[in-house]
Amino acid sequence: MRRLSLSLIAVACALPFAAQAQSTLDKVKASGSIGVAYRESSIPFSYLDDKAQPTGFGWEICGKIVDEVKKATGRADLKVTTQAVTSANRIPLLANGTIDIECGSTTNNSERAKQVAFATNYFYTGTRFLVKAGTAVKTLADLKGKTVVSTTGTTNFKIIRSLNDEQKLGIDLIGAKDHAEAALLVQSGRAVAFAMDDILLYGLKASAANPAELAVVGDPIQVEPYAIMLRKDDPAFKKLVDDTLATMMKSGEFERLYKKWFESPIPPKGINLQAPMSQELKDNLKALSDKPAT
């Protein structure tokens with residue numbers, strides 16, 4: 001009886017470990033489904049088109065990754081379950097298994113790397129400001145005593161909050177649930193500026209009803225990499241994702257996709273971001289680095 005009890009305890013203790021150790025590829029193969037997350041307004045990485053379907057640069061790359069997952073698992077019938085995420089819930093939903101991969105505009109940094117893993121960096125950006133055209137704002141100091149919005153759960157929000165405290169600027173920093181809401185606060189006059197990654201600001205400006213009413217201003221406060229987000233401690237799945245990106249980057253497919261989404265008219269309004277590839281990204285097409293921001 002004692003031996004039986006000890007055996008049951010051993011099995012009970014092993015179960016959580018076994019569940020935790022299950023790789024994404026094993027999980028996907030067993031379930032026949034992969035959870036792919038997207039953002040609703042992270043133009044042009046992943047956002048909703050005029051039919052309320054996810055699209056974008058990151059979304060297409062994740063489509064290539066899903067194709068490789070089908071081959072690796074032998075599941076040609078693999079079902080793709082899509083899930084909208086926000087800056088606040090993207091990490092918890094990945095960690096708890098609701099989603100298996102996040103295809104958006106997430107900064108790869110050391111703090112997040114404690115909870116999740118990142119694939120090869122596939123974009124580089126810096127924090128700047130979206131303001132109404134003609135607003136006398138060029139630097140962070142120009143926002144002293146004014147209302148600034150940033151999206152809750154982003155590195156941008158943390159950076160502005162930290163600099164506001166360090167430099168005693170007296171900025172009234174407010175949080176928005178997503179980028180679209182933050183841009184609306186600027187357009188409605190409830191905030192003077194929206195602090196966010198410059199490429200996302202260009203996308204929001206270009207997709208506005210009247211783009212000429214908005215401007216992206218200021219020098220980048222810092223440069224940070226974006227990367228596709230994965231669960232932590234899953235080397236097999238990370239290798240598949242990194243290998244897929246490496247193949248695209250070495251073959252020229254990545255550059256063609258970049259031109260499609262950053263230097264050509266994109267849906268739903270046919271806007272052109274006119275954002276040529278940065279030198280940091282050009283360098284990483286050769287380096288294939290997943291180095292995080294500090």
# chains A, B, ... in the order shown; residues from 1 in each chain; ligands from 1
>>> closest_atom_pairs(of="region 191-220 of chain A", to="region 258-277 of chain A", cutoff="8 Å", atoms="only C-alpha atoms", output="JSON lines")
{"residue": "A:Ile199", "atom": "CA", "partner": "A:Ala275", "partner_atom": "CA", "distance": 7.8}
{"residue": "A:Tyr202", "atom": "CA", "partner": "A:Leu273", "partner_atom": "CA", "distance": 6.5}
{"residue": "A:Gly203", "atom": "CA", "partner": "A:Leu273", "partner_atom": "CA", "distance": 6.4}
{"residue": "A:Ala206", "atom": "CA", "partner": "A:Ile271", "partner_atom": "CA", "distance": 6.1}
{"residue": "A:Ser207", "atom": "CA", "partner": "A:Ile271", "partner_atom": "CA", "distance": 6.8}
>>> write_last_selection(atoms="all heavy atoms", output="short mmCIF file (atom, residue, chain, number, x, y, z; two decimals), in the first residue's frame")
data_model
loop_
_atom_site.label_atom_id
_atom_site.label_comp_id
_atom_site.auth_asym_id
_atom_site.auth_seq_id
_atom_site.Cartn_x
_atom_site.Cartn_y
_atom_site.Cartn_z
N ILE A 199 7.55 53.16 -37.30
CA ILE A 199 6.92 52.51 -38.45
C ILE A 199 5.42 52.33 -38.25
O ILE A 199 4.63 52.46 -39.18
CB ILE A 199 7.59 51.14 -38.75
CG1 ILE A 199 7.07 50.56 -40.06
CG2 ILE A 199 7.41 50.18 -37.59
CD1 ILE A 199 7.34 51.41 -41.27
N TYR A 202 3.80 55.73 -38.87
CA TYR A 202 3.65 56.01 -40.31
C TYR A 202 2.46 55.26 -40.88
O TYR A 202 1.72 55.78 -41.73
CB TYR A 202 4.92 55.61 -41.05
CG TYR A 202 6.03 56.64 -40.98
CD1 TYR A 202 7.24 56.34 -40.38
CD2 TYR A 202 5.85 57.93 -41.50
CE1 TYR A 202 8.26 57.28 -40.29
CE2 TYR A 202 6.86 58.87 -41.42
CZ TYR A 202 8.06 58.55 -40.82
OH TYR A 202 9.07 59.49 -40.74
N GLY A 203 2.26 54.04 -40.41
CA GLY A 203 1.11 53.26 -40.88
C GLY A 203 -0.20 53.87 -40.46
O GLY A 203 -1.16 53.96 -41.25
N ALA A 206 -0.75 57.12 -42.49
CA ALA A 206 -1.12 56.86 -43.89
C ALA A 206 -2.54 56.33 -44.03
O ALA A 206 -3.20 56.56 -45.05
CB ALA A 206 -0.13 55.88 -44.50
N SER A 207 -3.03 55.66 -43.00
CA SER A 207 -4.38 55.08 -43.09
C SER A 207 -5.46 55.98 -42.51
O SER A 207 -6.64 55.62 -42.52
CB SER A 207 -4.40 53.73 -42.36
OG SER A 207 -4.07 53.88 -40.99
#
>>> select_by_dssp(residues="region 181-262 of chain A", states="strand (DSSP E or B)", output="PyMOL selection string")
chain A and resi 193-197+214-217+223-226+229-231
>>> select_by_dssp(residues="region 98-224 of chain A", states="helix (DSSP H, G or I)", output="number ranges by chain")
A: 112-114, 140-143, 155-167, 179-187, 198-206, 211-213
>>> closest_atom_pairs(of="region 54-138 of chain A", to="region 47-50 of chain A", cutoff="12 Å", atoms="only C-alpha atoms", output="tab-separated table")
residue	atom	partner	partner_atom	distance
A:Pro54	CA	A:Leu48	CA	4.5
A:Thr55	CA	A:Tyr47	CA	5.6
A:Gly56	CA	A:Tyr47	CA	6.3
A:Phe57	CA	A:Tyr47	CA	9.5
A:Gly58	CA	A:Tyr47	CA	9.5
A:Trp59	CA	A:Tyr47	CA	8.5
A:Glu60	CA	A:Tyr47	CA	11.4
A:Thr82	CA	A:Leu48	CA	11.9
A:Gln83	CA	A:Tyr47	CA	11.7
A:Ala84	CA	A:Tyr47	CA	9.3
A:Val85	CA	A:Tyr47	CA	10.7
A:Thr86	CA	A:Tyr47	CA	11.5
A:Cys103	CA	A:Tyr47	CA	10.1
A:Gly104	CA	A:Tyr47	CA	8.4
A:Ser105	CA	A:Tyr47	CA	10.4
>>> closest_atom_pairs(of="region 131-182 of chain A", to="region 106-116 of chain A", cutoff="10 Å", atoms="only C-alpha atoms", output="JSON lines")
{"residue": "A:Thr154", "atom": "CA", "partner": "A:Thr107", "partner_atom": "CA", "distance": 8.3}
{"residue": "A:Thr155", "atom": "CA", "partner": "A:Thr107", "partner_atom": "CA", "distance": 7.4}
{"residue": "A:Asn156", "atom": "CA", "partner": "A:Thr107", "partner_atom": "CA", "distance": 9.7}
>>> atom_distance(atom1="CA of Pro235 (chain A)", atom2="CA of Phe123 (chain A)")
22.0 Å
>>> closest_residue(among="A:Lys146, A:Arg39, A:Lys205, A:Arg231", to="Ile99 (chain A)", atoms="only C-alpha atoms")
A:Arg231
>>> residues_around(residues="Thr147 (chain A)", least_positions_apart="3", cutoff="8 Å", atoms="only C-alpha atoms", output="list of chain:residue names")
A:Leu143, A:Ile171, A:Asp172, A:Leu173, A:Ile174, A:Arg190, A:Ala191, A:Val192, A:Ala193
>>> write_last_selection(atoms="N, CA, C and O atoms", output="compact mmCIF listing (two decimals), in the first residue's frame")
# COMPACT_ATOMS: atom_id res chain seq x y z
N LEU A 143 7.39 68.34 -24.95
CA LEU A 143 6.14 67.81 -24.40
C LEU A 143 6.01 68.04 -22.90
O LEU A 143 5.11 67.53 -22.26
N ILE A 171 4.99 65.34 -17.65
CA ILE A 171 4.09 64.85 -18.70
C ILE A 171 2.96 64.05 -18.05
O ILE A 171 3.18 63.25 -17.14
N ASP A 172 1.74 64.28 -18.53
CA ASP A 172 0.59 63.49 -18.12
C ASP A 172 0.51 62.31 -19.10
O ASP A 172 -0.04 62.44 -20.18
N LEU A 173 1.10 61.17 -18.71
CA LEU A 173 1.16 60.00 -19.58
C LEU A 173 -0.05 59.12 -19.35
O LEU A 173 -0.30 58.65 -18.24
N ILE A 174 -0.81 58.88 -20.42
CA ILE A 174 -2.00 58.05 -20.31
C ILE A 174 -1.83 56.81 -21.20
O ILE A 174 -1.12 56.85 -22.22
N ARG A 190 -7.30 65.11 -27.32
CA ARG A 190 -7.21 64.74 -25.91
C ARG A 190 -5.78 64.42 -25.49
O ARG A 190 -5.48 64.33 -24.31
N ALA A 191 -4.90 64.24 -26.47
CA ALA A 191 -3.46 64.06 -26.21
C ALA A 191 -2.70 64.85 -27.27
O ALA A 191 -3.15 64.93 -28.41
N VAL A 192 -1.58 65.42 -26.88
CA VAL A 192 -0.77 66.20 -27.82
C VAL A 192 0.04 65.28 -28.72
O VAL A 192 0.25 65.58 -29.90
N ALA A 193 0.49 64.15 -28.17
CA ALA A 193 1.35 63.26 -28.93
C ALA A 193 1.12 61.80 -28.55
O ALA A 193 0.75 61.50 -27.42
>>> closest_residue(among="A:Ala176, A:Leu93, A:Val216, A:Leu169", to="Asp142 (chain A)", atoms="only C-alpha atoms")
A:Leu169
>>> closest_residue(among="A:Ala141, A:Thr24, A:Val148, A:Gln53", to="Glu166 (chain A)", atoms="only C-alpha atoms")
A:Ala141
>>> closest_residue(among="A:Lys71, A:Lys27, A:Lys250, A:Lys158", to="Ala287 (chain A)", atoms="only C-alpha atoms")
A:Lys250
>>> atom_distance(atom1="CA of Thr73 (chain A)", atom2="CA of Leu25 (chain A)")
6.7 Å
>>> atom_distance(atom1="CA of Asp77 (chain A)", atom2="CA of Gly97 (chain A)")
20.4 Å
>>> closest_residue(among="A:Ala133, A:Thr152, A:Phe118, A:Gly35", to="Lys232 (chain A)", atoms="only C-alpha atoms")
A:Phe118
>>> closest_residue(among="A:Leu130, A:Ala246, A:Ile61, A:Ala72", to="Lys29 (chain A)", atoms="only C-alpha atoms")
A:Ala72
